[in-house]
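> What follows is a structure written as structure tokens; I'll ask about it next.
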Amino acid sequence: MPTLEERLAKLNNAFTSPYQPQLEGKVTRMVGLTMEAVGCVVALGDRCAVQVGKERWVESEVVGFTGDLTYLMPTEAIEGISPGARVRPLLDESKMPVGDELLGRVVNGLGKPLDGKGPINTQDSVGLHGGIINPLQRKPITETLDVGIKAINSLLTVGKGQRLGLFAGSGVGKSILLGMMTRFTEADITIVGLIGERGREVKEFIEQILGEEGLARSVVVASPADDSALMRLRAAMLATRIAEYYRDQGKNVLLLMDSLTRYAQAQREIALSVGEPPATKGYPPSVFSKLPQLVERAGNGHEGSGSVTAFYTVLTEGDDQQDPIADASRAILDGHIVLSRRLAEEGHYPAIDIEASISRAMPQIVSEDHLYGAMRVKQLYSKFQQNQDIISVGAYAQGSDPDLDQAIVQMPEIRSFLQQALGESFTIDQSLEALVTAMTKGQ
């Protein structure tokens with residue numbers, strides 16, 4: 001992939017034309033991370049190179065305009081910029097490297113390697129924005145996907161091409177659950193997008209959770225919290241674009257993005273910086289239009305192509321399930337898995353709240369017996385939770401409610417069934433066997 005300086009060198013001929021004043025502009029003002037430039041004839045979404053110091057150029061993107069003013073957002077730190085800094089439009093189309101050479105590599109939002117393993121030389125390259133698939137031409141979700149987690153395989157069965165959210169507050173184990181699915185899920189290729197996470201967590205996820213075996217069949221796109229908002233936005237788009245590329249080759253792809261909330265927060269930073277008014281709890285309207293544009297790119301492709309099964313973590317601030325981003329994400333995803341802080345504090349891992357979780361594709365991809373068994377477990381679990389207080393104080397008289405009587409007998413087995421050790425993996429068949437055992441043991 002050519003460097004920014006090499007791309008600028010190729011464009012030198014463009015700046016010797018009579019239209020040079022219209023092509024090149026200058027920075028007149030900087031507010032926060034947003035630069036205001038004049039003299040550039042560019043469109044929304046175009047990329048420009050901004051001169052920082054004497055010889056350094058930083059890539060930026062046009063995020064808005066007002067009259068003659070153009071608003072630019074840089075992809076990296078721009079310390080040293082001064083008034084009147086030169087701005088050159090990048091007339092070549094932004095291309096990202098794709099191919100099997102990416103497997104086992106860690107890149108940033110621009111497709112540049114972060115792992116110190118040298119440059120990435122691929123045969124193919126694609127634009128950052130994928131094509132829109134006609135919804136009537138998408139393959140329906142008809143096949144189950146084994147994710148290796150028995151509670152999900154049996155009670156929240158996932159289909160190939162489905163898009164689900166992992167909803168949780170901080171510190172309840174969503175990253176660990178994501179890592180388990182990375183290692184255990186049956187997929188040809190795994191794409192991991194680490195968006196806005198702490199830098200320490202990026203290294204830990206790659207080395208400890210993903211491991212060498214998991215990394216060998218994965219591509220990791222990382223943009224930690226100290227990256228610019230634009231870089232975090234691009235990293236999420238690049239991870240999705242790489243997944244689309246492999247899907248078009250007929251591969252079954254697993255896309256894991258941690259987190260969708262950080263993506264929304266990056267878009268909020270950009271929108272507020274160019275003057276867009278906040279609408280819902282500080283989030284501008286563009287945030288809620290960007291979310292479906294990203295999520296809808298995952299899923300099944302045309303007949304004959306592969307699939308992108310996507311899991312997006314959603315950080316619920318203060319464990320509020322009605323948080324604007326959580327609420328919007330729940331509406332556009334094909335299901336949601338809620339992790340409970342109460343269960344995590346009790347040492348119940350994975351801390352999946354089966355009452356609040358649902359897989360919308362499950363009724364179409366499992367048998368009637370499987371669906372009935374899953375619903376029965378949920379009913380008994382919910383019945384016990386609703387009456388736990390009167391049971392614990394001894395106020396319940398056995399025989400008053402047959403369903404509650406069964407729930408009391410089966411609850412130890414159901415709780416044991418819902419828990420799973422970090423290194424354990426269960427196929428769908430093994431998960432169903434464990435489900436049947438939990439429902440029959442003790443009767």
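To be explicit about the labels: the chains of the structure tokens are called A, B, and onward in the order shown, and within each one the residues are counted from 1, while ligands get numbers from 1 in the order they are shown.
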List every residue of segment 30-199 of chain A that DSSP, applied to the backbone, labels as strand (DSSP E), and write the result as a ChimeraX atom specification.
/A:30-31,34-38,47-52,56-66,69-74,86-89,95-98,106-107,124-127,144-145,158-159,163-168,189-195
> Determine, counting only C-alpha atoms, which protein, DNA and RNA residues have an atom within 8 Å of an atom of Glu244 of chain A; residues of the same chain fewer than 4 positions away are not included. Present the result as number ranges by chain.
A: 130, 240, 248, 297-298, 308
> I'd like the contact shell of segment 326-334 of chain A - 8 Å cut-off, only C-alpha atoms, skipping same-chain residues fewer than 6 positions apart - returned as a PDB file with N, CA, C and O atoms, in the first residue's frame.

```
ATOM      1  N   GLN A 162     -26.510 -14.137  10.623  1.00  0.00           N
ATOM      2  CA  GLN A 162     -27.265 -13.373  11.623  1.00  0.00           C
ATOM      3  C   GLN A 162     -26.375 -12.300  12.249  1.00  0.00           C
ATOM      4  O   GLN A 162     -25.150 -12.427  12.284  1.00  0.00           O
ATOM      5  N   ARG A 163     -27.000 -11.239  12.752  1.00  0.00           N
ATOM      6  CA  ARG A 163     -26.275 -10.145  13.401  1.00  0.00           C
ATOM      7  C   ARG A 163     -26.839  -9.964  14.806  1.00  0.00           C
ATOM      8  O   ARG A 163     -28.016  -9.647  14.965  1.00  0.00           O
ATOM      9  N   LEU A 164     -26.003 -10.187  15.810  1.00  0.00           N
ATOM     10  CA  LEU A 164     -26.450 -10.116  17.197  1.00  0.00           C
ATOM     11  C   LEU A 164     -25.616  -9.120  17.983  1.00  0.00           C
ATOM     12  O   LEU A 164     -24.465  -8.832  17.632  1.00  0.00           O
ATOM     13  N   GLY A 165     -26.210  -8.635  19.066  1.00  0.00           N
ATOM     14  CA  GLY A 165     -25.519  -7.718  19.955  1.00  0.00           C
ATOM     15  C   GLY A 165     -25.255  -8.362  21.304  1.00  0.00           C
ATOM     16  O   GLY A 165     -26.094  -9.117  21.811  1.00  0.00           O
ATOM     17  N   PHE A 167     -24.969  -7.158  24.891  1.00  0.00           N
ATOM     18  CA  PHE A 167     -25.274  -5.963  25.669  1.00  0.00           C
ATOM     19  C   PHE A 167     -24.801  -6.160  27.108  1.00  0.00           C
ATOM     20  O   PHE A 167     -25.194  -7.127  27.770  1.00  0.00           O
ATOM     21  N   THR A 261     -20.722   0.697  20.480  1.00  0.00           N
ATOM     22  CA  THR A 261     -20.913   1.941  21.233  1.00  0.00           C
ATOM     23  C   THR A 261     -19.775   2.916  20.955  1.00  0.00           C
ATOM     24  O   THR A 261     -20.001   4.123  20.771  1.00  0.00           O
ATOM     25  N   PHE A 288     -27.541   7.911  14.579  1.00  0.00           N
ATOM     26  CA  PHE A 288     -28.560   6.877  14.432  1.00  0.00           C
ATOM     27  C   PHE A 288     -28.795   6.496  12.971  1.00  0.00           C
ATOM     28  O   PHE A 288     -29.446   5.497  12.690  1.00  0.00           O
ATOM     29  N   LEU A 291     -25.439   3.933  12.277  1.00  0.00           N
ATOM     30  CA  LEU A 291     -25.477   2.580  12.843  1.00  0.00           C
ATOM     31  C   LEU A 291     -26.052   1.557  11.868  1.00  0.00           C
ATOM     32  O   LEU A 291     -25.408   0.541  11.590  1.00  0.00           O
ATOM     33  N   PRO A 292     -27.259   1.768  11.318  1.00  0.00           N
ATOM     34  CA  PRO A 292     -27.763   0.765  10.363  1.00  0.00           C
ATOM     35  C   PRO A 292     -26.949   0.682   9.090  1.00  0.00           C
ATOM     36  O   PRO A 292     -26.864  -0.388   8.480  1.00  0.00           O
ATOM     37  N   VAL A 295     -24.224  -1.809  10.182  1.00  0.00           N
ATOM     38  CA  VAL A 295     -24.714  -3.143  10.534  1.00  0.00           C
ATOM     39  C   VAL A 295     -25.309  -3.864   9.327  1.00  0.00           C
ATOM     40  O   VAL A 295     -25.112  -5.070   9.156  1.00  0.00           O
ATOM     41  N   VAL A 314     -22.225  -4.027  22.809  1.00  0.00           N
ATOM     42  CA  VAL A 314     -22.861  -2.728  23.051  1.00  0.00           C
ATOM     43  C   VAL A 314     -22.706  -2.430  24.536  1.00  0.00           C
ATOM     44  O   VAL A 314     -23.201  -3.182  25.385  1.00  0.00           O
ATOM     45  N   LEU A 315     -22.007  -1.356  24.841  1.00  0.00           N
ATOM     46  CA  LEU A 315     -21.743  -0.972  26.230  1.00  0.00           C
ATOM     47  C   LEU A 315     -22.941  -0.193  26.766  1.00  0.00           C
ATOM     48  O   LEU A 315     -23.255   0.901  26.276  1.00  0.00           O
ATOM     49  N   THR A 316     -23.632  -0.762  27.739  1.00  0.00           N
ATOM     50  CA  THR A 316     -24.787  -0.091  28.340  1.00  0.00           C
ATOM     51  C   THR A 316     -24.302   0.691  29.558  1.00  0.00           C
ATOM     52  O   THR A 316     -23.959   0.102  30.585  1.00  0.00           O
ATOM     53  N   SER A 359     -32.881 -14.650  20.274  1.00  0.00           N
ATOM     54  CA  SER A 359     -32.356 -14.806  18.913  1.00  0.00           C
ATOM     55  C   SER A 359     -33.551 -14.832  17.964  1.00  0.00           C
ATOM     56  O   SER A 359     -34.334 -15.781  17.985  1.00  0.00           O
ATOM     57  N   ARG A 360     -33.687 -13.798  17.158  1.00  0.00           N
ATOM     58  CA  ARG A 360     -34.873 -13.677  16.314  1.00  0.00           C
ATOM     59  C   ARG A 360     -34.893 -14.679  15.161  1.00  0.00           C
ATOM     60  O   ARG A 360     -35.945 -14.938  14.584  1.00  0.00           O
ATOM     61  N   ALA A 361     -33.736 -15.241  14.835  1.00  0.00           N
ATOM     62  CA  ALA A 361     -33.684 -16.208  13.738  1.00  0.00           C
ATOM     63  C   ALA A 361     -33.891 -17.640  14.214  1.00  0.00           C
ATOM     64  O   ALA A 361     -34.076 -18.541  13.402  1.00  0.00           O
TER      65      ALA A 361
END
```
> List every residue of segment 263-354 of chain A that has an atom at most 10 Å from any atom of segment 72-86 of chain A, and for each one report the closest atom pair and its distance in Å to one decimal, counting only C-alpha atoms, with rows sorted by chain and then by increasing residue number, as JSON lines.

```
{"residue": "A:Ile270", "atom": "CA", "partner": "A:Met73", "partner_atom": "CA", "distance": 7.6}
{"residue": "A:Ser273", "atom": "CA", "partner": "A:Met73", "partner_atom": "CA", "distance": 9.2}
{"residue": "A:Val274", "atom": "CA", "partner": "A:Leu72", "partner_atom": "CA", "distance": 9.1}
```
> Name all residues at most 12 Å from Ile141 of chain A (count only C-alpha atoms; drop same-chain ones fewer than 5 positions away) and give them as JSON, numbers by chain.
{"A": [157, 158, 159, 160, 161, 162, 163, 299, 300, 301, 302, 303, 306, 307, 308, 309, 334, 360, 361, 362, 363, 364, 365, 366]}
> May I have the residues within 12 Å of Ala279 of chain A as JSON, numbers by chain, using only C-alpha atoms and disregarding those fewer than 5 positions away in the same chain?
{"A": [268, 271, 272, 284, 285, 286, 287, 288, 324]}
> Just the alpha helix (DSSP H) stuff from segment 173-381 of chain A, please, per backbone DSSP, written as number ranges by chain.
A: 174-184, 199-204, 211-216, 229-248, 260-273, 285-295, 324-332, 341-345, 362-365, 368-381
> List the spatial neighbours of Tyr312 of chain A as a VMD selection string - criterion: any atom at most 7 Å away, only C-alpha atoms, same-chain residues fewer than 3 positions off excluded.
chain A and resid 164 to 166 256 to 260
> Quick one: residues within 10 Å of segment 62-69 of chain A, only C-alpha atoms counted, chain neighbours fewer than 2 positions away excluded, as a PyMOL selection string?
chain A and resi 27-29+34-48+60+71-74+89+230+270-271+273-276
> Which is closer to Lys95 of chain A than all the others in A:Asp405, A:Leu418, A:Leu238, A:Leu177, using only C-alpha atoms?
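Counting only C-alpha atoms, the residue closest to Lys95 of chain A is A:Leu238.
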> Could you check how far atom CA of Val409 of chain A sits from atom CA of Ile391 of chain A, in Å to one decimal?
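Straight-line distance from atom CA of Val409 of chain A to atom CA of Ile391 of chain A works out to 12.1 Å.
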> Could you tell me how far atom CA of Lys378 of chain A lies from atom CA of Ile354 of chain A, in Å and to one decimal?
6.7 Å
> Report the distance between atom CA of Ala266 of chain A and atom CA of Ile176 of chain A in Å, rounded to one decimal place.
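Distance reported for this atom pair: 23.6 Å.
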> Check the smallest atom-to-atom distance from each of A:Val338, A:Met181, A:Ile189, A:Ile390 to Asn153 of chain A using only C-alpha atoms, then report the winner.
A:Met181
> Under the rule that only C-alpha atoms are counted, which of A:Gly109, A:Gln322, A:Leu210, A:Leu145 is the nearest residue to Pro224 of chain A?
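Checking each candidate against Pro224 of chain A, we get A:Gly109 as the closest.
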